[in-house]
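See below for query-v2.cif, which holds mmCIF, C-alpha atoms.
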```
data_run
loop_
_atom_site.label_atom_id
_atom_site.label_comp_id
_atom_site.auth_asym_id
_atom_site.auth_seq_id
_atom_site.Cartn_x
_atom_site.Cartn_y
_atom_site.Cartn_z
CA MET I 1 13.65 -29.54 -5.76
CA ASP I 2 17.30 -28.96 -4.94
CA ILE I 3 18.09 -29.69 -1.24
CA GLU I 4 19.96 -26.39 -0.82
CA GLU I 5 16.99 -24.50 -2.26
CA GLU I 6 14.61 -26.33 0.06
CA VAL I 7 16.80 -25.57 3.08
CA ASN I 8 16.91 -21.89 2.08
CA ARG I 9 13.12 -21.83 1.71
CA LEU I 10 12.55 -23.47 5.11
CA GLU I 11 15.14 -21.19 6.70
CA SER I 12 13.48 -18.08 5.34
CA GLU I 13 10.09 -19.39 6.60
CA TYR I 14 11.19 -19.86 10.19
CA LYS I 15 13.32 -16.72 10.19
CA LYS I 16 10.19 -14.73 9.36
CA GLY I 17 8.68 -15.93 12.61
CA PHE I 18 11.64 -14.62 14.54
CA ALA I 19 11.58 -11.15 12.99
CA LYS I 20 9.36 -9.50 15.61
CA PRO I 21 11.16 -10.86 18.70
CA LEU I 22 14.48 -10.05 17.05
CA ILE I 23 13.56 -6.41 16.45
CA LEU I 24 12.12 -6.12 19.93
CA MET I 25 15.36 -7.50 21.42
CA MET I 26 17.46 -5.07 19.38
CA LEU I 27 15.31 -2.17 20.56
CA ALA I 28 15.50 -3.36 24.17
CA GLU I 29 19.24 -2.91 23.96
CA LYS I 30 19.00 0.64 22.63
CA GLU I 31 16.35 2.87 21.04
CA ASN I 32 16.89 2.89 17.30
CA TYR I 33 15.54 3.55 13.81
CA SER I 34 14.81 1.34 10.80
CA TYR I 35 18.11 1.40 8.88
CA ALA I 36 20.27 1.16 12.03
CA LEU I 37 18.12 -1.77 13.19
CA ALA I 38 18.70 -3.61 9.91
CA LYS I 39 22.45 -3.10 10.24
CA LYS I 40 22.45 -4.13 13.89
CA ILE I 41 20.60 -7.37 13.14
CA ILE I 42 23.23 -8.31 10.57
CA GLU I 43 26.02 -7.40 12.97
CA LYS I 44 24.54 -9.23 15.98
CA THR I 45 23.77 -12.39 14.03
CA SER I 46 27.09 -12.34 12.16
CA GLY I 47 25.20 -11.98 8.92
CA LYS I 48 23.18 -15.17 9.45
CA ILE I 49 19.96 -13.17 9.64
CA SER I 50 19.23 -10.07 7.61
CA ILE I 51 16.02 -8.13 7.18
CA VAL I 52 15.87 -5.62 4.35
CA VAL I 53 14.91 -2.16 5.58
CA PRO I 54 11.47 -1.96 3.89
CA ASN I 55 10.45 -5.22 5.60
CA ILE I 56 11.17 -3.63 8.97
CA TYR I 57 8.58 -0.85 8.55
CA PRO I 58 5.43 -3.03 8.80
CA ILE I 59 6.95 -4.92 11.76
CA LEU I 60 7.64 -1.65 13.58
CA LYS I 61 4.12 -0.50 12.82
CA SER I 62 2.62 -3.71 14.12
CA LEU I 63 4.72 -3.61 17.33
CA LYS I 64 3.77 0.03 17.83
CA LYS I 65 0.08 -0.68 17.24
CA SER I 66 0.18 -3.43 19.88
CA GLY I 67 1.84 -1.04 22.32
CA TYR I 68 5.14 -2.94 22.60
CA ILE I 69 7.21 -0.07 21.25
CA GLN I 70 6.69 3.66 20.94
CA GLU I 71 8.01 6.42 18.75
CA MET I 72 10.40 8.93 20.20
CA LYS I 73 11.87 12.14 18.94
CA SER I 74 15.28 12.08 17.37
CA LYS I 75 18.01 13.52 19.57
CA ASP I 76 19.49 15.48 16.67
CA HIS I 77 16.07 17.06 16.00
CA SER I 78 15.88 15.46 12.57
CA SER I 79 12.65 14.03 11.24
CA ARG I 80 14.07 10.55 11.75
CA ILE I 81 11.71 8.38 13.81
CA PHE I 82 13.32 6.40 16.62
CA TYR I 83 11.60 3.60 18.51
CA GLU I 84 11.94 2.41 22.10
CA VAL I 85 10.47 -0.55 23.96
CA THR I 86 7.57 0.18 26.29
CA GLU I 87 6.89 -1.46 29.67
CA LEU I 88 4.44 -3.76 27.92
CA GLY I 89 7.16 -4.58 25.40
CA TYR I 90 9.60 -5.55 28.16
CA ALA I 91 6.91 -7.73 29.75
CA LEU I 92 6.39 -9.42 26.39
CA LEU I 93 10.12 -9.92 25.97
CA ASP I 94 10.38 -11.56 29.40
CA GLU I 95 7.70 -14.10 28.49
CA LEU I 96 8.98 -14.49 24.98
CA THR I 97 12.61 -15.15 25.87
CA GLU I 98 11.49 -17.83 28.32
CA SER I 99 9.31 -19.42 25.68
CA LEU I 100 12.11 -19.21 23.08
CA GLN I 101 14.58 -20.83 25.48
CA GLN I 102 12.20 -23.75 26.04
CA PHE I 103 11.62 -24.03 22.30
CA LEU I 104 15.36 -24.03 21.54
CA LYS I 105 15.98 -26.59 24.30
CA ILE I 106 13.37 -28.92 22.79
CA PHE I 107 14.88 -28.50 19.35
CA ASN I 108 18.41 -29.06 20.64
CA ASN I 109 17.23 -32.32 22.23
CA LEU I 110 15.54 -33.34 18.98
CA ILE I 111 18.71 -32.56 17.03
CA ASP I 112 20.79 -34.60 19.51
CA ASP I 113 18.33 -37.49 19.15
CA TYR I 114 18.54 -37.30 15.39
CA ASN I 115 22.36 -37.31 15.48
CA GLU I 116 22.31 -40.40 17.71
CA ILE I 117 19.87 -42.16 15.37
CA LYS I 118 22.11 -41.24 12.46
CA VAL I 119 25.09 -42.91 14.15
CA GLU I 120 23.03 -45.99 15.08
CA LYS I 121 21.61 -46.39 11.59
CA LYS I 122 24.93 -45.44 9.97
CA ILE I 123 23.22 -42.91 7.70
CA MET P 1 21.15 21.77 5.25
CA LYS P 2 20.14 18.99 7.66
CA LYS P 3 20.64 15.47 6.40
CA ASP P 4 16.93 14.69 6.63
CA GLU P 5 16.09 17.84 4.67
CA GLN P 6 18.18 16.72 1.76
CA GLN P 7 16.02 16.72 -1.30
CA THR P 8 15.37 13.63 -3.37
CA SER P 9 16.87 15.52 -6.30
CA GLU P 10 20.24 15.47 -4.55
CA LEU P 11 20.28 11.68 -4.46
CA PRO P 12 22.22 9.75 -7.14
CA GLU P 13 20.42 9.28 -10.43
CA ASN P 14 19.94 5.51 -10.03
CA ILE P 15 18.34 6.09 -6.62
CA GLN P 16 16.03 8.78 -8.00
CA LYS P 17 14.96 6.42 -10.75
CA TYR P 18 14.37 3.68 -8.19
CA LEU P 19 12.34 6.01 -5.96
CA SER P 20 10.15 7.09 -8.86
CA GLN P 21 9.47 3.39 -9.56
CA VAL P 22 8.52 2.89 -5.90
CA LYS P 23 6.23 5.95 -6.05
CA LYS P 24 4.27 4.40 -8.91
CA TYR P 25 3.04 1.71 -6.53
CA ILE P 26 2.03 4.07 -3.74
CA PRO P 27 -1.56 5.33 -3.85
CA GLY P 28 -2.57 8.94 -3.39
CA TYR P 29 -1.35 12.32 -4.49
CA LYS P 30 2.19 13.78 -4.34
CA GLU P 31 2.10 14.90 -0.70
CA ILE P 32 0.89 11.48 0.48
CA LYS P 33 3.65 9.71 -1.44
CA LYS P 34 6.18 12.18 0.00
CA GLY P 35 5.04 11.37 3.55
CA VAL P 36 5.16 7.63 2.93
CA LEU P 37 8.68 7.87 1.51
CA GLU P 38 10.12 10.23 4.14
CA GLN P 39 11.74 7.66 6.44
CA PHE P 40 12.73 5.44 3.52
CA ILE P 41 14.64 8.31 1.87
CA LEU P 42 16.49 8.91 5.16
CA ASP P 43 17.36 5.20 5.26
CA ILE P 44 18.58 5.32 1.66
CA GLN P 45 20.71 8.32 2.56
CA ASP P 46 22.22 6.34 5.45
CA ALA P 47 22.94 3.42 3.13
CA ILE P 48 24.68 5.77 0.67
CA ASP P 49 26.72 7.36 3.47
CA SER P 50 27.79 3.98 4.85
CA THR P 51 29.74 3.02 1.74
CA ASP P 52 32.02 4.59 -0.86
CA LYS P 53 30.62 2.37 -3.57
CA GLU P 54 27.50 3.07 -5.61
CA ILE P 55 24.64 1.12 -4.06
CA ASP P 56 22.29 -1.02 -6.09
CA PRO P 57 18.89 -0.14 -4.58
CA LYS P 58 17.16 -3.28 -5.83
CA SER P 59 19.62 -5.61 -4.13
CA GLU P 60 19.86 -3.42 -1.04
CA PHE P 61 16.16 -2.71 -0.50
CA GLY P 62 14.22 -5.02 -2.83
CA GLU P 63 11.97 -4.69 -5.86
CA PRO P 64 10.11 -1.34 -6.05
CA LYS P 65 6.71 -3.04 -5.95
CA GLU P 66 7.54 -4.98 -2.77
CA VAL P 67 9.12 -1.93 -1.16
CA ALA P 68 6.00 0.14 -1.89
CA ALA P 69 3.78 -2.61 -0.45
CA ASN P 70 5.83 -2.65 2.77
CA LEU P 71 5.83 1.13 3.00
CA CYS P 72 2.06 1.26 2.51
CA GLN P 73 1.52 -1.47 5.09
CA SER P 74 3.47 0.57 7.61
CA GLN P 75 0.96 3.42 7.29
CA ASN P 76 -2.25 3.48 9.27
CA TRP P 77 -4.45 3.42 6.19
CA ILE P 78 -5.91 -0.03 6.77
CA ASP P 79 -7.17 1.16 10.15
CA ASN P 80 -9.07 3.98 8.43
CA ILE P 81 -11.59 1.96 6.42
CA VAL P 82 -14.48 4.24 5.59
CA SER P 83 -18.07 3.36 6.45
CA LEU P 84 -20.63 2.74 3.73
CA LYS P 85 -22.56 5.85 4.81
CA ILE P 86 -19.59 8.14 4.11
CA ARG P 87 -18.94 6.34 0.86
CA SER P 88 -22.56 6.78 -0.18
CA LEU P 89 -22.10 10.51 0.36
CA THR P 90 -19.08 10.60 -1.95
CA PHE P 91 -21.06 8.49 -4.43
CA ILE P 92 -23.71 11.23 -4.47
CA PHE P 93 -21.00 13.85 -5.16
CA ASP P 94 -19.76 11.76 -8.06
CA ILE P 95 -23.26 11.20 -9.40
CA ILE P 96 -23.87 14.97 -9.37
CA ILE P 97 -20.65 15.56 -11.37
CA ILE P 98 -21.53 12.74 -13.77
CA GLY P 99 -25.14 13.97 -14.00
CA VAL P 100 -24.08 17.49 -14.99
CA ILE P 101 -21.65 16.32 -17.69
CA PHE P 102 -23.93 13.48 -18.87
CA SER P 103 -26.94 15.80 -19.24
CA GLY P 104 -24.72 18.45 -20.85
CA LEU P 105 -23.62 15.97 -23.51
CA ILE P 106 -27.19 14.78 -24.12
CA ILE P 107 -28.48 18.36 -24.39
CA LEU P 108 -25.61 19.28 -26.73
CA GLY P 109 -26.28 16.17 -28.84
CA ASN P 110 -29.94 17.04 -28.99
CA MET P 111 -29.14 20.63 -30.04
CA LEU P 112 -26.78 19.44 -32.77
CA ILE P 113 -29.18 16.85 -34.16
CA ASN P 114 -32.04 19.36 -34.17
CA TYR P 115 -29.70 21.96 -35.68
CA GLU P 116 -32.46 23.65 -37.71
CA VAL P 117 -34.07 24.84 -34.45
CA TYR P 118 -30.88 26.23 -32.89
CA LEU P 119 -28.48 27.01 -35.71
CA LYS P 120 -28.59 29.23 -38.78
CA PRO P 121 -29.03 27.51 -42.17
CA LEU P 122 -26.01 25.27 -42.79
CA THR P 123 -24.16 24.02 -45.83
CA GLU P 124 -24.56 20.36 -46.85
CA ASN P 125 -21.13 19.43 -45.43
CA MET P 126 -21.84 21.24 -42.17
CA ILE P 127 -25.17 19.42 -41.77
CA VAL P 128 -23.38 16.04 -41.99
CA PHE P 129 -20.68 17.21 -39.57
CA VAL P 130 -23.15 18.64 -37.02
CA THR P 131 -25.35 15.52 -37.16
CA ILE P 132 -22.35 13.21 -36.62
CA MET P 133 -21.21 15.37 -33.70
CA GLY P 134 -24.72 15.23 -32.26
CA TYR P 135 -24.82 11.43 -32.33
CA LEU P 136 -21.26 11.36 -31.04
CA CYS P 137 -22.45 13.29 -27.96
CA TYR P 138 -25.12 10.59 -27.42
CA VAL P 139 -22.38 7.94 -27.52
CA LEU P 140 -19.98 9.99 -25.39
CA ALA P 141 -22.48 10.46 -22.54
CA PRO P 142 -22.74 6.79 -21.47
CA THR P 143 -19.05 6.23 -22.35
CA PHE P 144 -18.15 9.08 -20.02
CA TYR P 145 -20.28 7.55 -17.26
CA ILE P 146 -18.40 4.24 -17.49
CA LEU P 147 -14.92 5.70 -17.99
CA TYR P 148 -15.40 8.18 -15.13
CA TRP P 149 -15.15 5.39 -12.56
CA PHE P 150 -12.64 3.16 -14.29
CA ILE P 151 -10.15 5.70 -15.63
CA LEU P 152 -10.09 8.08 -12.66
CA GLU P 153 -9.64 5.32 -10.11
CA ILE P 154 -6.93 3.68 -12.22
CA ILE P 155 -5.03 6.97 -12.64
CA SER P 156 -5.48 8.55 -9.24
CA ASP P 157 -6.87 5.76 -6.97
CA THR P 158 -9.84 8.00 -6.25
CA SER P 159 -12.76 9.79 -7.89
CA PRO P 160 -13.50 13.54 -7.53
CA GLY P 161 -16.27 12.73 -5.03
CA LYS P 162 -13.99 10.57 -2.91
CA ARG P 163 -11.15 13.07 -3.26
CA ILE P 164 -13.23 15.74 -1.45
CA LEU P 165 -13.11 13.57 1.68
CA ASN P 166 -9.58 12.22 1.02
CA LEU P 167 -10.84 8.72 0.32
CA TYR P 168 -8.73 6.35 -1.74
CA VAL P 169 -9.20 2.85 -3.11
CA ILE P 170 -6.35 0.56 -2.09
CA ASP P 171 -5.56 -3.14 -2.02
CA VAL P 172 -6.63 -4.97 1.18
CA ASN P 173 -2.95 -5.32 2.02
CA GLY P 174 -2.50 -1.57 1.94
CA ALA P 175 -0.72 -1.29 -1.40
CA LYS P 176 -1.90 0.50 -4.54
CA SER P 177 -4.73 -1.40 -6.21
CA LYS P 178 -4.18 -3.00 -9.59
CA LYS P 179 -6.11 -2.13 -12.78
CA ARG P 180 -7.86 -5.51 -12.63
CA GLN P 181 -9.07 -4.78 -9.10
CA ILE P 182 -10.44 -1.36 -10.11
CA PHE P 183 -12.22 -2.99 -13.05
CA ILE P 184 -13.87 -5.63 -10.84
CA ARG P 185 -14.96 -3.23 -8.08
CA ASN P 186 -16.55 -0.85 -10.61
CA LEU P 187 -18.53 -3.52 -12.44
CA THR P 188 -21.35 -2.71 -10.04
CA LYS P 189 -21.73 0.67 -11.78
CA ILE P 190 -22.77 -1.19 -14.93
CA LEU P 191 -24.51 -4.21 -13.38
CA PHE P 192 -26.98 -2.22 -11.27
CA PRO P 193 -29.00 -5.16 -9.82
CA VAL P 194 -25.96 -6.21 -7.81
CA LEU P 195 -26.17 -2.91 -5.93
CA ILE P 196 -29.01 -4.47 -3.92
CA PHE P 197 -26.40 -6.53 -2.07
CA ASP P 198 -24.72 -3.28 -1.08
CA ILE P 199 -27.89 -1.38 -0.22
CA ILE P 200 -29.19 -3.98 2.26
CA PRO P 201 -26.08 -3.87 4.47
CA LEU P 202 -26.07 -0.08 4.14
CA ILE P 203 -29.57 0.04 5.66
CA LEU P 204 -28.83 -2.62 8.25
CA GLU P 205 -25.24 -1.48 8.74
CA LYS P 206 -24.16 -3.16 11.92
CA ASN P 207 -20.56 -3.46 10.87
CA PRO P 208 -19.23 0.00 9.93
CA LYS P 209 -16.26 -1.63 8.21
CA TYR P 210 -18.47 -3.75 5.96
CA LEU P 211 -16.97 -4.13 2.51
CA ARG P 212 -19.09 -3.80 -0.62
CA VAL P 213 -19.71 -7.08 -2.42
CA TYR P 214 -17.55 -6.00 -5.34
CA ASP P 215 -14.83 -4.72 -3.01
CA GLN P 216 -14.76 -8.17 -1.47
CA ALA P 217 -14.44 -9.69 -4.93
CA ALA P 218 -11.73 -7.23 -5.98
CA LYS P 219 -9.95 -7.44 -2.59
CA THR P 220 -9.97 -3.66 -2.28
CA ILE P 221 -10.85 -1.28 0.55
CA VAL P 222 -11.70 2.41 0.62
CA VAL P 223 -9.69 4.28 3.22
CA LYS P 224 -9.26 7.83 4.41
CA ILE P 225 -5.72 9.02 3.80
CA LYS P 226 -4.84 12.25 5.54
#
```

Can I see the file as structure tokens?
Amino acid sequence: MDIEEEVNRLESEYKKGFAKPLILMMLAEKENYSYALAKKIIEKTSGKISIVVPNIYPILKSLKKSGYIQEMKSKDHSSRIFYEVTELGYALLDELTESLQQFLKIFNNLIDDYNEIKVEKKI
Amino acid sequence: MKKDEQQTSELPENIQKYLSQVKKYIPGYKEIKKGVLEQFILDIQDAIDSTDKEIDPKSEFGEPKEVAANLCQSQNWIDNIVSLKIRSLTFIFDIIIIGVIFSGLIILGNMLINYEVYLKPLTENMIVFVTIMGYLCYVLAPTFYILYWFILEIISDTSPGKRILNLYVIDVNGAKSKKRQIFIRNLTKILFPVLIFDIIPLILEKNPKYLRVYDQAAKTIVVKIK
């Protein structure tokens, strides 16, 4: 398999795992709806992460079912469904961000270690 | 007219075509599909408004089949799995419908074959025709019984009995079930002995969300769609 292809595959695998926290973080900033969320994710991640709109629907449903977000009426009285983070959602985000920070710290250390090994072994 | 009230017909032709492809993979009747697509159409409208160029829906939103699967998963259908008791009730409705038509065909076949009892003296050609039609009714009766389950569920994801209670057969993931899945789950209608595996849990039913043996094999569920 081509290395670039493999990297893309691995990237898409781990990005999937970040989809829920990402959407929750976007909603914590401001209540929003599916299409605007998709656009905001692209904007906030400088295009590094993108989730196509239809993939957002099941995530929103799952977050709503778990009680982390709730539906709210559109301010312009349209049938557009907006979502906002609930208290439970904020509690989850608090725990989650802490966990993510630890995870990223560990990975940063591992990456540093790898870079040092690379220099030592002259790879 | 409000933006969200904009009709699908006002969308560009390529989008309409795309939406009709998506619809094909959504189970249920027109109103159900309309409800499932409501937010998606608003999102498409936003995407159109955000650019001056013509959007390519497949690259923007994905393949129609995947889009439909995601849209279906975002509904609450999977949470509405119907108990075996309710399904048995709809089965009885279906059996009554089948029974009426099946017996009708058998009676008609019998009348045509015994034409001399029911019909006036016929010409030689008419006798052959009536006899063939009579035997054809005998063949049509069991064919109807088998096709009733397979064809109706393939076309409409439901049977008339299920339709009364708004029950639909869908894939375990929430999407529209495939022809192969409908075929597998309905094999039990032909291979009667297997029904025993469904009747025992029905009597013992401790788990209301128990799936029929053939539903497990076909990876389908029967849900109530409002």

Within 9 Å of chain I: each chain P residue with its shortest pair, all atoms listed in the file, as a Markdown table:
```
| residue | atom | partner | partner_atom | distance |
| --- | --- | --- | --- | --- |
| P:Lys2 | CA | I:Ser78 | CA | 7.4 |
| P:Lys3 | CA | I:Ser78 | CA | 7.8 |
| P:Asp4 | CA | I:Ser78 | CA | 6.1 |
| P:Glu5 | CA | I:Ser78 | CA | 8.3 |
| P:Glu38 | CA | I:Ser79 | CA | 8.4 |
| P:Gln39 | CA | I:Arg80 | CA | 6.5 |
| P:Phe40 | CA | I:Pro54 | CA | 7.5 |
| P:Leu42 | CA | I:Arg80 | CA | 7.2 |
| P:Asp43 | CA | I:Tyr35 | CA | 5.3 |
| P:Ile44 | CA | I:Tyr35 | CA | 8.2 |
| P:Asp46 | CA | I:Tyr35 | CA | 7.3 |
| P:Ala47 | CA | I:Tyr35 | CA | 7.8 |
| P:Glu60 | CA | I:Val52 | CA | 7.1 |
| P:Phe61 | CA | I:Val52 | CA | 5.7 |
| P:Gly62 | CA | I:Val52 | CA | 7.4 |
| P:Glu66 | CA | I:Pro54 | CA | 8.3 |
| P:Val67 | CA | I:Pro54 | CA | 5.6 |
| P:Ala68 | CA | I:Pro54 | CA | 8.2 |
| P:Ala69 | CA | I:Pro54 | CA | 8.9 |
| P:Asn70 | CA | I:Pro54 | CA | 5.8 |
| P:Leu71 | CA | I:Pro54 | CA | 6.5 |
| P:Cys72 | CA | I:Pro58 | CA | 8.3 |
| P:Gln73 | CA | I:Pro58 | CA | 5.6 |
| P:Ser74 | CA | I:Pro58 | CA | 4.3 |
| P:Gln75 | CA | I:Lys61 | CA | 7.5 |
| P:Asn76 | CA | I:Lys61 | CA | 8.3 |
```

List the residues sitting within 9 Å of (19.1, 1.5, 17.4) in the file's frame, using only C-alpha atoms, as JSON, numbers by chain. {"I": [26, 27, 29, 30, 31, 32, 33, 34, 35, 36, 37, 40, 82, 83, 84]}

Put a box with edges along x, y and z around all the listed atoms of stretch 10-28 of chain I, pad it by 5 Å on each side, then give me its centre and sizes in Å, one decimal, as lines of an AutoDock Vina configuration file.
```
center_x = 13.1
center_y = -12.8
center_z = 14.6
size_x = 18.8
size_y = 31.3
size_z = 29.1
```

Name the closest residue to I:Tyr14 among the candidates I:Ile49, I:Val119, I:Glu71, I:Ser99; distances are taken between atoms, counting all atoms listed in the file.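 Closest residue, counting all atoms listed in the file: I:Ile49.
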
Please, what distance in Å, to one decimal, runs between atom CA of P:Leu89 and atom CA of P:Ile155? 21.7 Å

Residues within 9 Å of stretch 49-58 of chain P, all atoms listed in the file, excluding chain neighbours under 4 positions, as a PyMOL selection string: chain P and resi 12+14-15+18+44-45+62-64

Taking (15.8, -14.8, 21.3) in the file's coordinates, which residues come within 9 Å, counting only C-alpha atoms, written as a ChimeraX atom specification? /I:18,21-22,25,93,96-98,100-101

Can you complete the atoms of stretch 16-25 of chain P to all heavy atoms and list them as a tab-separated table (two decimals), in the frame of the given file?
```
chain	number	residue	atom	x	y	z
P	16	GLN	N	17.21	7.99	-7.62
P	16	GLN	CA	16.03	8.78	-8.00
P	16	GLN	C	15.11	7.97	-8.89
P	16	GLN	O	13.89	7.98	-8.72
P	16	GLN	CB	16.47	10.03	-8.74
P	16	GLN	CG	17.00	11.12	-7.83
P	16	GLN	CD	17.28	12.38	-8.60
P	16	GLN	OE1	16.48	12.81	-9.41
P	16	GLN	NE2	18.43	12.97	-8.36
P	17	LYS	N	15.72	7.25	-9.82
P	17	LYS	CA	14.96	6.42	-10.75
P	17	LYS	C	14.22	5.32	-9.97
P	17	LYS	O	13.04	5.04	-10.22
P	17	LYS	CB	15.94	5.78	-11.75
P	17	LYS	CG	15.31	5.46	-13.09
P	17	LYS	CD	16.40	5.03	-14.04
P	17	LYS	CE	15.81	4.35	-15.24
P	17	LYS	NZ	16.82	3.83	-16.13
P	18	TYR	N	14.94	4.74	-9.03
P	18	TYR	CA	14.37	3.68	-8.19
P	18	TYR	C	13.19	4.22	-7.37
P	18	TYR	O	12.13	3.60	-7.29
P	18	TYR	CB	15.48	3.14	-7.28
P	18	TYR	CG	15.06	2.09	-6.29
P	18	TYR	CD1	14.79	0.79	-6.70
P	18	TYR	CD2	14.96	2.39	-4.94
P	18	TYR	CE1	14.43	-0.18	-5.78
P	18	TYR	CE2	14.60	1.42	-4.01
P	18	TYR	CZ	14.34	0.14	-4.44
P	18	TYR	OH	13.97	-0.82	-3.53
P	19	LEU	N	13.40	5.40	-6.78
P	19	LEU	CA	12.34	6.01	-5.96
P	19	LEU	C	11.10	6.33	-6.79
P	19	LEU	O	9.97	6.16	-6.32
P	19	LEU	CB	12.85	7.28	-5.29
P	19	LEU	CG	13.66	7.08	-4.01
P	19	LEU	CD1	14.27	8.39	-3.55
P	19	LEU	CD2	12.82	6.47	-2.90
P	20	SER	N	11.32	6.78	-8.04
P	20	SER	CA	10.15	7.09	-8.86
P	20	SER	C	9.40	5.80	-9.22
P	20	SER	O	8.18	5.81	-9.38
P	20	SER	CB	10.52	7.90	-10.10
P	20	SER	OG	11.41	7.17	-10.88
P	21	GLN	N	10.13	4.69	-9.31
P	21	GLN	CA	9.47	3.39	-9.56
P	21	GLN	C	8.65	2.98	-8.32
P	21	GLN	O	7.55	2.48	-8.45
P	21	GLN	CB	10.51	2.32	-9.87
P	21	GLN	CG	11.07	2.42	-11.29
P	21	GLN	CD	12.16	1.40	-11.52
P	21	GLN	OE1	13.04	1.19	-10.69
P	21	GLN	NE2	12.12	0.75	-12.67
P	22	VAL	N	9.22	3.21	-7.15
P	22	VAL	CA	8.52	2.89	-5.90
P	22	VAL	C	7.25	3.72	-5.80
P	22	VAL	O	6.17	3.22	-5.46
P	22	VAL	CB	9.43	3.12	-4.67
P	22	VAL	CG1	8.67	2.91	-3.37
P	22	VAL	CG2	10.64	2.20	-4.70
P	23	LYS	N	7.37	5.02	-6.13
P	23	LYS	CA	6.23	5.95	-6.05
P	23	LYS	C	5.04	5.48	-6.86
P	23	LYS	O	3.90	5.66	-6.47
P	23	LYS	CB	6.66	7.34	-6.57
P	23	LYS	CG	7.24	8.23	-5.50
P	23	LYS	CD	7.49	9.60	-6.11
P	23	LYS	CE	8.52	10.36	-5.30
P	23	LYS	NZ	8.97	11.55	-5.99
P	24	LYS	N	5.34	4.88	-8.01
P	24	LYS	CA	4.27	4.40	-8.91
P	24	LYS	C	3.32	3.44	-8.19
P	24	LYS	O	2.16	3.33	-8.53
P	24	LYS	CB	4.89	3.67	-10.10
P	24	LYS	CG	5.27	4.57	-11.24
P	24	LYS	CD	5.68	3.70	-12.41
P	24	LYS	CE	6.65	4.44	-13.29
P	24	LYS	NZ	7.33	3.54	-14.22
P	25	TYR	N	3.85	2.72	-7.22
P	25	TYR	CA	3.04	1.71	-6.53
P	25	TYR	C	2.45	2.21	-5.21
P	25	TYR	O	1.93	1.44	-4.43
P	25	TYR	CB	3.89	0.45	-6.28
P	25	TYR	CG	4.36	-0.22	-7.54
P	25	TYR	CD1	5.68	-0.12	-7.97
P	25	TYR	CD2	3.46	-0.94	-8.34
P	25	TYR	CE1	6.11	-0.73	-9.13
P	25	TYR	CE2	3.88	-1.55	-9.50
P	25	TYR	CZ	5.21	-1.43	-9.89
P	25	TYR	OH	5.63	-2.03	-11.06
```
